[in-house]
>>> print(open('upload.cif').read())   # mmCIF, C-alpha atoms and all ligand atoms
data_coords
loop_
_atom_site.label_atom_id
_atom_site.label_comp_id
_atom_site.auth_asym_id
_atom_site.auth_seq_id
_atom_site.Cartn_x
_atom_site.Cartn_y
_atom_site.Cartn_z
CA MET A 1 103.60 -101.21 -243.77
CA LYS A 2 101.36 -101.92 -240.85
CA ILE A 3 101.30 -99.07 -238.37
CA ALA A 4 99.67 -99.18 -234.95
CA VAL A 5 98.42 -95.68 -234.15
CA LEU A 6 98.17 -94.87 -230.45
CA PRO A 7 97.03 -91.25 -229.99
CA GLY A 8 97.01 -91.35 -226.17
CA ASP A 9 96.08 -88.36 -224.02
CA GLY A 10 96.13 -84.58 -223.89
CA ILE A 11 97.30 -83.13 -227.19
CA GLY A 12 98.11 -86.68 -228.40
CA PRO A 13 95.01 -87.13 -230.56
CA GLU A 14 95.29 -83.74 -232.30
CA ILE A 15 99.00 -84.01 -233.14
CA VAL A 16 98.62 -87.61 -234.27
CA ALA A 17 95.75 -86.55 -236.53
CA GLN A 18 98.17 -84.24 -238.36
CA ALA A 19 100.78 -86.99 -238.72
CA VAL A 20 98.06 -89.28 -240.07
CA LYS A 21 97.23 -86.65 -242.72
CA VAL A 22 100.84 -86.97 -243.85
CA LEU A 23 100.62 -90.77 -243.92
CA ASP A 24 97.33 -90.56 -245.85
CA ARG A 25 99.01 -88.36 -248.42
CA LEU A 26 101.89 -90.82 -248.90
CA LYS A 27 99.34 -93.59 -249.14
CA ALA A 28 97.42 -91.70 -251.82
CA ASP A 29 100.71 -91.43 -253.67
CA GLY A 30 101.13 -95.19 -253.73
CA LEU A 31 102.73 -96.38 -250.48
CA LYS A 32 101.07 -99.46 -249.03
CA ILE A 33 100.25 -98.21 -245.56
CA GLU A 34 97.74 -99.74 -243.18
CA MET A 35 96.82 -98.02 -239.94
CA GLU A 36 94.98 -99.36 -236.96
CA TYR A 37 94.13 -97.37 -233.81
CA ALA A 38 94.29 -98.43 -230.18
CA PRO A 39 94.11 -96.63 -226.82
CA ILE A 40 97.06 -96.17 -224.47
CA GLY A 41 97.73 -94.19 -221.29
CA GLY A 42 94.71 -92.49 -219.74
CA ALA A 43 92.73 -93.41 -222.86
CA GLY A 44 93.62 -97.06 -222.23
CA TYR A 45 92.54 -96.73 -218.64
CA GLU A 46 89.21 -95.24 -219.72
CA ALA A 47 88.65 -97.92 -222.36
CA ALA A 48 89.85 -101.01 -220.53
CA GLY A 49 90.93 -100.06 -217.00
CA ASP A 50 94.57 -100.49 -218.01
CA PRO A 51 97.04 -97.89 -219.37
CA LEU A 52 98.31 -100.58 -221.74
CA PRO A 53 95.33 -102.77 -222.65
CA GLU A 54 96.32 -106.24 -223.80
CA ALA A 55 94.80 -105.62 -227.23
CA THR A 56 96.95 -102.50 -227.64
CA LEU A 57 100.14 -104.38 -226.83
CA LYS A 58 99.14 -107.20 -229.18
CA LEU A 59 98.34 -104.82 -232.03
CA SER A 60 101.67 -103.08 -231.47
CA GLN A 61 103.57 -106.35 -231.40
CA GLU A 62 102.00 -107.39 -234.68
CA ALA A 63 102.56 -104.05 -236.38
CA ASP A 64 105.77 -103.10 -238.20
CA ALA A 65 105.88 -99.75 -236.44
CA VAL A 66 103.99 -97.81 -233.79
CA LEU A 67 103.03 -94.16 -233.95
CA LEU A 68 102.40 -92.75 -230.49
CA GLY A 69 101.08 -89.31 -229.51
CA ALA A 70 101.63 -88.76 -225.81
CA VAL A 71 100.32 -90.08 -222.52
CA GLY A 72 99.39 -88.51 -219.22
CA ASP A 73 96.96 -86.13 -217.62
CA TRP A 74 96.91 -84.66 -214.12
CA LYS A 75 93.55 -86.22 -213.52
CA TYR A 76 95.17 -89.65 -213.36
CA ASP A 77 97.89 -88.66 -210.88
CA THR A 78 95.92 -90.00 -207.94
CA LEU A 79 95.43 -93.49 -209.42
CA PRO A 80 97.55 -96.35 -208.11
CA ARG A 81 100.93 -96.22 -209.83
CA ASP A 82 100.21 -99.32 -211.95
CA GLN A 83 97.19 -97.70 -213.53
CA ARG A 84 98.75 -94.35 -214.33
CA PRO A 85 99.31 -93.42 -217.98
CA GLU A 86 103.12 -93.36 -217.68
CA ARG A 87 103.12 -97.04 -216.75
CA GLY A 88 101.52 -97.77 -220.10
CA LEU A 89 104.39 -96.06 -221.86
CA LEU A 90 107.06 -97.84 -219.82
CA ARG A 91 105.35 -101.20 -220.34
CA ILE A 92 105.05 -100.83 -224.10
CA ARG A 93 108.74 -99.88 -224.32
CA LYS A 94 109.61 -102.99 -222.33
CA GLY A 95 107.00 -105.17 -224.04
CA LEU A 96 108.35 -104.34 -227.49
CA ASN A 97 111.98 -104.46 -226.35
CA LEU A 98 112.60 -100.92 -227.52
CA PHE A 99 115.96 -100.47 -225.88
CA ALA A 100 117.36 -97.74 -228.14
CA ASN A 101 115.83 -94.30 -227.96
CA LEU A 102 117.06 -91.79 -230.52
CA ARG A 103 116.38 -88.17 -229.72
CA PRO A 104 117.80 -85.72 -232.20
CA ALA A 105 118.21 -82.08 -231.25
CA LEU A 106 118.43 -80.19 -234.50
CA LEU A 107 118.17 -76.45 -234.86
CA TYR A 108 116.25 -75.09 -237.82
CA PRO A 109 118.11 -71.88 -238.78
CA GLU A 110 114.87 -69.86 -238.88
CA LEU A 111 114.13 -70.85 -235.29
CA ALA A 112 117.43 -69.74 -233.77
CA SER A 113 115.71 -66.76 -232.17
CA ALA A 114 113.12 -69.03 -230.52
CA SER A 115 115.88 -70.61 -228.41
CA THR A 116 116.51 -69.15 -224.99
CA LEU A 117 120.23 -69.36 -225.77
CA LYS A 118 122.18 -66.90 -227.88
CA PRO A 119 121.89 -67.66 -231.62
CA GLU A 120 125.67 -68.06 -231.97
CA VAL A 121 125.68 -70.76 -229.29
CA VAL A 122 122.98 -72.86 -230.96
CA SER A 123 123.05 -72.10 -234.68
CA GLY A 124 124.11 -75.18 -236.60
CA LEU A 125 123.33 -77.47 -233.69
CA ASP A 126 122.83 -81.09 -234.78
CA LEU A 127 123.05 -83.49 -231.89
CA MET A 128 121.78 -87.03 -231.53
CA ILE A 129 121.09 -88.33 -228.06
CA VAL A 130 121.04 -92.11 -227.84
CA ARG A 131 119.26 -93.03 -224.63
CA GLU A 132 119.01 -96.58 -223.29
CA LEU A 133 115.30 -97.15 -222.70
CA THR A 134 114.54 -100.48 -221.05
CA GLY A 135 116.97 -100.70 -218.16
CA ASP A 136 118.56 -98.61 -215.42
CA ILE A 137 116.79 -97.24 -212.36
CA TYR A 138 113.56 -97.12 -214.37
CA PHE A 139 113.21 -100.90 -214.25
CA GLY A 140 115.78 -102.14 -211.71
CA GLN A 141 114.65 -104.34 -208.84
CA PRO A 142 114.25 -104.07 -205.92
CA ARG A 143 112.01 -101.05 -205.91
CA GLY A 144 109.13 -99.71 -203.90
CA ILE A 145 108.16 -97.86 -200.77
CA SER A 146 108.26 -99.90 -197.57
CA THR A 147 108.02 -99.25 -193.87
CA LEU A 148 111.10 -99.79 -191.74
CA GLU A 149 111.06 -101.36 -188.29
CA ASN A 150 111.06 -97.96 -186.65
CA GLY A 151 107.91 -97.06 -188.57
CA GLU A 152 109.65 -94.71 -190.97
CA ARG A 153 108.97 -95.15 -194.70
CA GLU A 154 111.79 -95.76 -197.17
CA GLY A 155 111.75 -95.43 -200.95
CA ILE A 156 113.98 -97.71 -203.00
CA ASN A 157 114.98 -97.81 -206.65
CA THR A 158 117.88 -99.70 -208.08
CA MET A 159 120.26 -98.55 -210.77
CA ARG A 160 121.55 -101.55 -212.65
CA TYR A 161 122.92 -102.45 -216.05
CA ASN A 162 124.51 -105.62 -217.27
CA GLU A 163 127.26 -105.74 -219.86
CA SER A 164 125.13 -106.89 -222.75
CA GLU A 165 122.61 -104.10 -222.20
CA ILE A 166 125.41 -101.55 -222.26
CA ARG A 167 127.09 -103.08 -225.29
CA ARG A 168 123.95 -103.17 -227.44
CA ILE A 169 123.10 -99.51 -226.83
CA GLY A 170 126.75 -98.60 -227.33
CA ARG A 171 126.67 -100.33 -230.69
CA VAL A 172 123.64 -98.31 -231.77
CA ALA A 173 125.47 -95.10 -230.85
CA PHE A 174 128.68 -96.06 -232.65
CA ASP A 175 126.77 -97.18 -235.76
CA ILE A 176 124.91 -93.87 -235.89
CA ALA A 177 128.13 -91.94 -235.34
CA MET A 178 129.66 -93.73 -238.34
CA LYS A 179 126.97 -92.15 -240.51
CA ARG A 180 127.50 -88.72 -238.94
CA ASN A 181 130.60 -86.93 -237.66
CA LYS A 182 132.14 -90.00 -236.01
CA LYS A 183 132.17 -88.67 -232.47
CA VAL A 184 130.55 -90.40 -229.50
CA CYS A 185 130.39 -88.85 -226.06
CA SER A 186 129.41 -91.38 -223.42
CA VAL A 187 127.78 -89.80 -220.38
CA ASP A 188 128.07 -91.45 -216.98
CA LYS A 189 128.69 -90.79 -213.31
CA ALA A 190 131.61 -93.18 -213.05
CA ASN A 191 133.19 -91.16 -210.24
CA VAL A 192 130.35 -92.15 -207.92
CA LEU A 193 128.20 -94.95 -209.36
CA GLU A 194 129.57 -98.44 -210.02
CA THR A 195 126.81 -99.15 -212.54
CA THR A 196 128.17 -96.40 -214.71
CA GLU A 197 131.78 -97.33 -214.01
CA LEU A 198 130.93 -100.58 -215.79
CA TRP A 199 129.15 -98.53 -218.45
CA ARG A 200 132.37 -96.66 -219.13
CA GLN A 201 134.49 -99.84 -219.25
CA VAL A 202 132.17 -101.46 -221.76
CA MET A 203 132.13 -98.35 -223.96
CA ILE A 204 135.93 -98.34 -223.99
CA GLU A 205 136.00 -102.02 -224.98
CA LEU A 206 133.43 -101.47 -227.70
CA ALA A 207 135.29 -98.49 -229.13
CA LYS A 208 138.07 -100.86 -230.26
CA GLU A 209 135.64 -102.18 -232.88
CA TYR A 210 135.13 -98.66 -234.21
CA PRO A 211 138.64 -97.27 -234.75
CA GLU A 212 137.29 -94.39 -236.85
CA VAL A 213 135.03 -93.11 -234.09
CA GLU A 214 136.40 -90.76 -231.47
CA LEU A 215 135.03 -91.77 -228.06
CA SER A 216 134.98 -89.34 -225.15
CA HIS A 217 133.48 -89.62 -221.67
CA MET A 218 131.74 -87.02 -219.60
CA TYR A 219 130.19 -87.02 -216.15
CA VAL A 220 126.50 -86.26 -216.32
CA ASP A 221 126.69 -83.08 -214.26
CA ASN A 222 129.35 -81.70 -216.57
CA ALA A 223 127.35 -82.82 -219.62
CA ALA A 224 124.35 -80.88 -218.32
CA MET A 225 126.55 -77.82 -218.07
CA GLN A 226 128.28 -78.31 -221.43
CA LEU A 227 124.93 -78.64 -223.20
CA VAL A 228 124.09 -75.05 -222.37
CA ARG A 229 127.67 -73.77 -222.53
CA ALA A 230 128.84 -75.18 -225.87
CA PRO A 231 126.34 -77.68 -227.28
CA LYS A 232 127.93 -77.82 -230.71
CA GLN A 233 130.87 -79.82 -229.34
CA PHE A 234 128.61 -82.91 -229.41
CA ASP A 235 127.77 -85.20 -232.29
CA VAL A 236 126.32 -88.38 -230.74
CA MET A 237 125.74 -88.60 -227.02
CA VAL A 238 125.05 -92.03 -225.51
CA THR A 239 123.77 -92.53 -222.00
CA GLY A 240 121.55 -94.56 -219.70
CA ASN A 241 117.83 -94.27 -219.19
CA ILE A 242 117.59 -91.72 -216.38
CA PHE A 243 120.44 -89.46 -217.51
CA GLY A 244 119.07 -89.61 -221.06
CA ASP A 245 115.62 -88.63 -219.86
CA ILE A 246 116.99 -85.49 -218.25
CA LEU A 247 119.60 -84.52 -220.83
CA SER A 248 117.23 -84.98 -223.76
CA ASP A 249 114.76 -82.50 -222.27
CA GLU A 250 117.61 -80.09 -221.72
CA ALA A 251 118.93 -80.55 -225.25
CA SER A 252 115.49 -80.04 -226.72
CA MET A 253 115.27 -76.50 -225.37
CA LEU A 254 118.46 -75.55 -227.20
CA THR A 255 116.45 -75.81 -230.39
CA GLY A 256 113.80 -73.36 -229.34
CA SER A 257 110.98 -75.75 -228.69
CA ILE A 258 110.53 -79.31 -227.60
CA GLY A 259 107.57 -79.14 -229.99
CA MET A 260 109.95 -79.65 -232.90
CA LEU A 261 111.69 -82.80 -231.76
CA PRO A 262 110.82 -86.31 -232.88
CA SER A 263 112.06 -89.55 -231.42
CA ALA A 264 112.46 -93.17 -232.35
CA SER A 265 112.59 -96.14 -230.00
CA LEU A 266 114.01 -99.21 -231.67
CA ASP A 267 114.39 -102.90 -230.95
CA ALA A 268 117.23 -105.08 -232.20
CA ASN A 269 115.54 -105.48 -235.61
CA ASN A 270 114.76 -101.80 -236.16
CA LYS A 271 111.12 -102.25 -235.44
CA GLY A 272 110.21 -99.01 -233.78
CA MET A 273 107.87 -96.83 -231.88
CA TYR A 274 107.84 -93.22 -233.01
CA GLU A 275 106.68 -90.37 -230.85
CA PRO A 276 107.33 -86.71 -230.26
CA SER A 277 109.88 -86.03 -227.51
CA HIS A 278 107.40 -83.84 -225.70
CA GLY A 279 104.55 -84.83 -223.42
CA SER A 280 100.77 -84.65 -223.47
CA ALA A 281 100.47 -80.96 -222.44
CA PRO A 282 96.96 -81.30 -220.96
CA ASP A 283 96.85 -77.53 -220.39
CA ILE A 284 96.54 -76.86 -224.13
CA ALA A 285 94.72 -80.06 -225.15
CA GLY A 286 91.76 -79.66 -227.48
CA LYS A 287 92.60 -76.03 -228.29
CA ASP A 288 94.20 -76.73 -231.68
CA VAL A 289 97.34 -74.81 -230.72
CA ALA A 290 99.86 -77.64 -230.21
CA ASN A 291 102.82 -78.05 -232.51
CA PRO A 292 102.36 -81.21 -234.62
CA LEU A 293 105.80 -81.01 -236.25
CA ALA A 294 107.56 -83.28 -233.76
CA THR A 295 104.98 -85.98 -234.47
CA ILE A 296 105.19 -85.44 -238.23
CA LEU A 297 108.99 -85.63 -238.03
CA SER A 298 108.60 -88.83 -236.00
CA VAL A 299 106.77 -90.29 -238.99
CA ALA A 300 109.73 -89.21 -241.12
CA MET A 301 112.03 -91.11 -238.76
CA MET A 302 109.77 -94.15 -239.10
CA PHE A 303 110.47 -94.27 -242.82
CA LYS A 304 114.19 -93.88 -242.27
CA TYR A 305 114.77 -96.34 -239.45
CA THR A 306 112.03 -98.98 -239.76
CA PHE A 307 111.01 -98.92 -243.42
CA ASN A 308 114.43 -98.08 -244.84
CA ASP A 309 112.76 -95.58 -247.12
CA GLU A 310 115.13 -92.63 -247.25
CA ALA A 311 113.09 -91.00 -250.04
CA SER A 312 109.95 -90.70 -247.91
CA PHE A 313 112.06 -89.52 -244.97
CA ASN A 314 113.47 -86.73 -247.13
CA ARG A 315 110.10 -85.89 -248.58
CA ILE A 316 108.56 -85.29 -245.16
CA ASP A 317 111.67 -83.63 -243.78
CA ASN A 318 111.81 -81.21 -246.72
CA ALA A 319 108.11 -80.44 -246.40
CA VAL A 320 108.64 -79.43 -242.77
CA LYS A 321 111.63 -77.29 -243.71
CA LYS A 322 109.51 -75.63 -246.37
CA VAL A 323 106.66 -74.67 -244.01
CA ILE A 324 109.17 -73.31 -241.50
CA ALA A 325 110.90 -71.31 -244.22
CA ALA A 326 107.50 -70.01 -245.38
CA GLY A 327 106.96 -68.55 -241.91
CA TYR A 328 104.26 -70.85 -240.50
CA ARG A 329 104.62 -71.08 -236.72
CA THR A 330 102.58 -72.68 -233.99
CA ALA A 331 102.39 -70.69 -230.75
CA ASP A 332 105.44 -72.37 -229.16
CA ILE A 333 107.79 -71.20 -231.94
CA TRP A 334 106.05 -68.01 -232.96
CA THR A 335 108.10 -64.82 -233.08
CA GLU A 336 107.25 -61.32 -234.30
CA GLY A 337 106.84 -61.21 -238.07
CA THR A 338 105.91 -64.87 -238.54
CA GLN A 339 102.50 -66.35 -239.16
CA LYS A 340 100.73 -67.82 -236.15
CA THR A 341 99.34 -71.18 -237.24
CA SER A 342 97.03 -73.66 -235.54
CA CYS A 343 97.84 -77.32 -235.09
CA SER A 344 95.51 -78.44 -237.86
CA ALA A 345 96.56 -75.65 -240.22
CA MET A 346 100.19 -76.67 -239.67
CA GLY A 347 99.27 -80.24 -240.61
CA ASP A 348 97.56 -78.96 -243.76
CA ALA A 349 100.56 -76.79 -244.62
CA VAL A 350 102.89 -79.78 -244.39
CA VAL A 351 100.57 -81.85 -246.57
CA SER A 352 100.51 -79.09 -249.21
CA ALA A 353 104.29 -78.86 -249.05
CA LEU A 354 104.53 -82.61 -249.63
C1 LIG B 1 110.09 -89.42 -221.68
C2 LIG B 1 109.13 -89.20 -220.55
C3 LIG B 1 108.88 -90.55 -219.88
C4 LIG B 1 110.19 -91.06 -219.34
C5 LIG B 1 107.80 -90.53 -218.79
C6 LIG B 1 106.50 -89.94 -219.29
C7 LIG B 1 107.57 -91.90 -218.20
O1 LIG B 1 109.62 -88.26 -219.66
O2 LIG B 1 109.75 -90.16 -222.61
O3 LIG B 1 111.18 -88.84 -221.65
O4 LIG B 1 110.58 -90.70 -218.22
O5 LIG B 1 110.86 -91.82 -220.04
MG MG B 2 111.40 -87.32 -220.31
#
>>> encode(input="upload.cif", output="structure tokens")
Amino acid sequence: MKIAVLPGDGIGPEIVAQAVKVLDRLKADGLKIEMEYAPIGGAGYEAAGDPLPEATLKLSQEADAVLLGAVGDWKYDTLPRDQRPERGLLRIRKGLNLFANLRPALLYPELASASTLKPEVVSGLDLMIVRELTGDIYFGQPRGISTLENGEREGINTMRYNESEIRRIGRVAFDIAMKRNKKVCSVDKANVLETTELWRQVMIELAKEYPEVELSHMYVDNAAMQLVRAPKQFDVMVTGNIFGDILSDEASMLTGSIGMLPSASLDANNKGMYEPSHGSAPDIAGKDVANPLATILSVAMMFKYTFNDEASFNRIDNAVKKVIAAGYRTADIWTEGTQKTSCSAMGDAVVSAL
């Protein structure tokens, strides 16, 4: 198992270090794991003047899986767009063809009180958001800022999806639903946007191949509302890149902290990039207070989806459940009566629980 490790910026290096402790432990127990590091994001810019240095892309292409921390720091916000950390992330997604982004929102019972929603609304929540990741308005051409004849500037982005892009992400969602509660909610804005009218048509066609799965459709504005009103109505939610970006952040807060949520981005062969759903949080970088559990759980997902190793997935997943049950909490999920734990101590606690 060859893993490219890309710590990135902000809290990236410290959370990745905890996930690497977990990988080292599994390695010590006999798994054949090889890790190689490379810079991405602001770190890539510092090292090679490029948020996705060629060597980083090459290493990632040759690896079986990629473990990513996070990218971005305010100090790069004034760079030309092409050199900003976020571009590195978008380019590696595209460069590795990682079209399927899985973002689970799972509530750990002990953390129900960390959610801003009432415990009865969120307890038992187990939702999987399947976000398309290499198309949509994120990548559509034409794009840019240009100056009109009258001297006024105009910004342009283009929302576009072709049938095959919609079908392949739909398939991922239906396949996952078959292993869960067999419900797919497809989120679109078909009442206004033709791109998503096609999205809906293709989902309806695809559903014929999955007679056991119940397909429903929801406009994105309603979905945003339903997520905070009655989130437990959802099993698998499938949507495009921009809607998925927004809804997955919203869904993450239902669980108390985005610091708990892992993600997987997969290509057609289940090669994947694994990263926490949260960002680089430069405000708390280097303070050893970040929550490493999302990154550690991303490693668990790596075993499940890329290495087909359900046993290692369960081992890591159970270790995380154990440290939560034992009362260890990083600052983001801390509540009265629990034990405030640093980032590195949380990593150590998970390793002991392994
Ligand atoms: C995410 C992030 C990225 C996105 C940014 C950092 C480019 O918000 O992974 O959700 O918009 O996809
Ligand atoms: Mg986002």
>>> residues_near_ligand(input="upload.cif", ligand="ligand LIG 1 (chain B)", cutoff="9 Å", atoms="only C-alpha atoms and all ligand atoms", output="ChimeraX atom specification")
/A:70-72,85-90,133,138,241-242,244-246,248-249,275-280
>>> closest_residue(input="upload.cif", among="A:Lys208, A:Arg131, A:Arg91, A:Arg84", to="ligand MG 2 (chain B)", atoms="only C-alpha atoms and all ligand atoms")
A:Arg131
>>> closest_residue(input="upload.cif", among="A:Ala43, A:Ile204, A:Leu111, A:Ala4", to="Val66 (chain A)", atoms="all atoms listed in the file")
A:Ala4
>>> residues_around(input="upload.cif", residues="Ala47 (chain A)", least_positions_apart="6", cutoff="12 Å", atoms="all atoms listed in the file", output="JSON list (two decimals) with C-alpha atoms, in the frame of the given file")
[["chain", "number", "residue", "atom", "x", "y", "z"],
["A", 8, "GLY", "CA", 97.01, -91.35, -226.17],
["A", 38, "ALA", "CA", 94.29, -98.43, -230.18],
["A", 39, "PRO", "CA", 94.11, -96.63, -226.82],
["A", 40, "ILE", "CA", 97.06, -96.17, -224.47],
["A", 41, "GLY", "CA", 97.73, -94.19, -221.29],
["A", 53, "PRO", "CA", 95.33, -102.77, -222.65],
["A", 54, "GLU", "CA", 96.32, -106.24, -223.80],
["A", 55, "ALA", "CA", 94.80, -105.62, -227.23],
["A", 56, "THR", "CA", 96.95, -102.50, -227.64]]
>>> closest_residue(input="upload.cif", among="A:Trp74, A:Phe234, A:Phe307, A:Tyr161", to="Gly140 (chain A)", atoms="all atoms listed in the file")
A:Tyr161
>>> closest_atom_pairs(input="upload.cif", of="region 259-345 of chain A", to="region 102-107 of chain A", cutoff="9 Å", atoms="only C-alpha atoms", output="JSON lines")
{"residue": "A:Met260", "atom": "CA", "partner": "A:Leu106", "partner_atom": "CA", "distance": 8.6}
{"residue": "A:Leu261", "atom": "CA", "partner": "A:Ala105", "partner_atom": "CA", "distance": 6.6}
{"residue": "A:Pro262", "atom": "CA", "partner": "A:Arg103", "partner_atom": "CA", "distance": 6.7}
{"residue": "A:Ser263", "atom": "CA", "partner": "A:Arg103", "partner_atom": "CA", "distance": 4.8}
{"residue": "A:Ala264", "atom": "CA", "partner": "A:Leu102", "partner_atom": "CA", "distance": 5.1}
{"residue": "A:Ser265", "atom": "CA", "partner": "A:Leu102", "partner_atom": "CA", "distance": 6.3}
{"residue": "A:Leu266", "atom": "CA", "partner": "A:Leu102", "partner_atom": "CA", "distance": 8.1}
{"residue": "A:Ser277", "atom": "CA", "partner": "A:Arg103", "partner_atom": "CA", "distance": 7.2}
>>> closest_residue(input="upload.cif", among="A:Gln226, A:Ser186, A:Thr147, A:Ser312", to="Ala251 (chain A)", atoms="only C-alpha atoms")
A:Gln226
>>> residues_around(input="upload.cif", residues="Glu214 (chain A)", least_positions_apart="2", cutoff="10 Å", atoms="all atoms listed in the file", output="list in words")
Phe174, Ala177, Asn181, Lys182, Lys183, Val184, Cys185, Ala207, Tyr210, Pro211, Glu212 and Ser216 of chain A
>>> write_last_selection(input="upload.cif", atoms="C-alpha atoms", output="short mmCIF file (atom, residue, chain, number, x, y, z; two decimals), keeping the file's coordinate frame")
data_model
loop_
_atom_site.label_atom_id
_atom_site.label_comp_id
_atom_site.auth_asym_id
_atom_site.auth_seq_id
_atom_site.Cartn_x
_atom_site.Cartn_y
_atom_site.Cartn_z
CA PHE A 174 128.68 -96.06 -232.65
CA ALA A 177 128.13 -91.94 -235.34
CA ASN A 181 130.60 -86.93 -237.66
CA LYS A 182 132.14 -90.00 -236.01
CA LYS A 183 132.17 -88.67 -232.47
CA VAL A 184 130.55 -90.40 -229.50
CA CYS A 185 130.39 -88.85 -226.06
CA ALA A 207 135.29 -98.49 -229.13
CA TYR A 210 135.13 -98.66 -234.21
CA PRO A 211 138.64 -97.27 -234.75
CA GLU A 212 137.29 -94.39 -236.85
CA SER A 216 134.98 -89.34 -225.15
#
>>> closest_residue(input="upload.cif", among="A:Ala114, A:Leu148, A:Ala230, A:Val289", to="Ala331 (chain A)", atoms="all atoms listed in the file")
A:Val289
>>> residues_around(input="upload.cif", residues="region 290-296 of chain A", least_positions_apart="2", cutoff="9 Å", atoms="all atoms listed in the file", output="PyMOL selection string")
chain A and resi 11+14-20+22+67-69+258-263+274-278+281+284-288+298-301+316-317+320+329-333+342-344+346-347+350
>>> residues_around(input="upload.cif", residues="Asp24 (chain A)", least_positions_apart="6", cutoff="10 Å", atoms="all atoms listed in the file", output="list in words")
Gln18, Gly30, Leu31, Ile33, Glu34, Met35 and Val351 of chain A
>>> build_atoms(input="upload.cif", residues="region 25-30 of chain A", atoms="all heavy atoms", output="short mmCIF file (atom, residue, chain, number, x, y, z; two decimals), in the coordinates of the input")
data_model
loop_
_atom_site.label_atom_id
_atom_site.label_comp_id
_atom_site.auth_asym_id
_atom_site.auth_seq_id
_atom_site.Cartn_x
_atom_site.Cartn_y
_atom_site.Cartn_z
N ARG A 25 98.52 -88.95 -247.16
CA ARG A 25 99.01 -88.36 -248.42
C ARG A 25 100.00 -89.31 -249.11
O ARG A 25 99.94 -89.55 -250.31
CB ARG A 25 99.67 -87.00 -248.12
CG ARG A 25 100.26 -86.31 -249.30
CD ARG A 25 99.18 -86.04 -250.32
NE ARG A 25 99.72 -86.18 -251.66
CZ ARG A 25 99.80 -85.17 -252.53
NH1 ARG A 25 99.34 -83.99 -252.22
NH2 ARG A 25 100.32 -85.37 -253.71
N LEU A 26 100.91 -89.89 -248.32
CA LEU A 26 101.89 -90.82 -248.90
C LEU A 26 101.18 -92.06 -249.44
O LEU A 26 101.58 -92.64 -250.45
CB LEU A 26 102.94 -91.22 -247.85
CG LEU A 26 103.83 -90.09 -247.33
CD1 LEU A 26 104.78 -90.62 -246.27
CD2 LEU A 26 104.63 -89.45 -248.45
N LYS A 27 100.13 -92.43 -248.72
CA LYS A 27 99.34 -93.59 -249.14
C LYS A 27 98.65 -93.30 -250.49
O LYS A 27 98.68 -94.12 -251.41
CB LYS A 27 98.29 -93.86 -248.06
CG LYS A 27 97.67 -95.21 -248.09
CD LYS A 27 96.81 -95.40 -246.85
CE LYS A 27 95.79 -96.49 -247.08
NZ LYS A 27 94.94 -96.68 -245.91
N ALA A 28 98.08 -92.10 -250.57
CA ALA A 28 97.42 -91.70 -251.82
C ALA A 28 98.42 -91.70 -252.97
O ALA A 28 98.07 -91.93 -254.13
CB ALA A 28 96.79 -90.33 -251.65
N ASP A 29 99.68 -91.45 -252.64
CA ASP A 29 100.71 -91.43 -253.67
C ASP A 29 101.31 -92.81 -253.95
O ASP A 29 102.31 -92.93 -254.63
CB ASP A 29 101.83 -90.45 -253.28
CG ASP A 29 101.35 -89.01 -253.37
OD1 ASP A 29 100.32 -88.77 -254.03
OD2 ASP A 29 102.00 -88.13 -252.77
N GLY A 30 100.73 -93.84 -253.32
CA GLY A 30 101.13 -95.19 -253.73
C GLY A 30 101.79 -96.07 -252.67
O GLY A 30 102.01 -97.25 -252.90
#
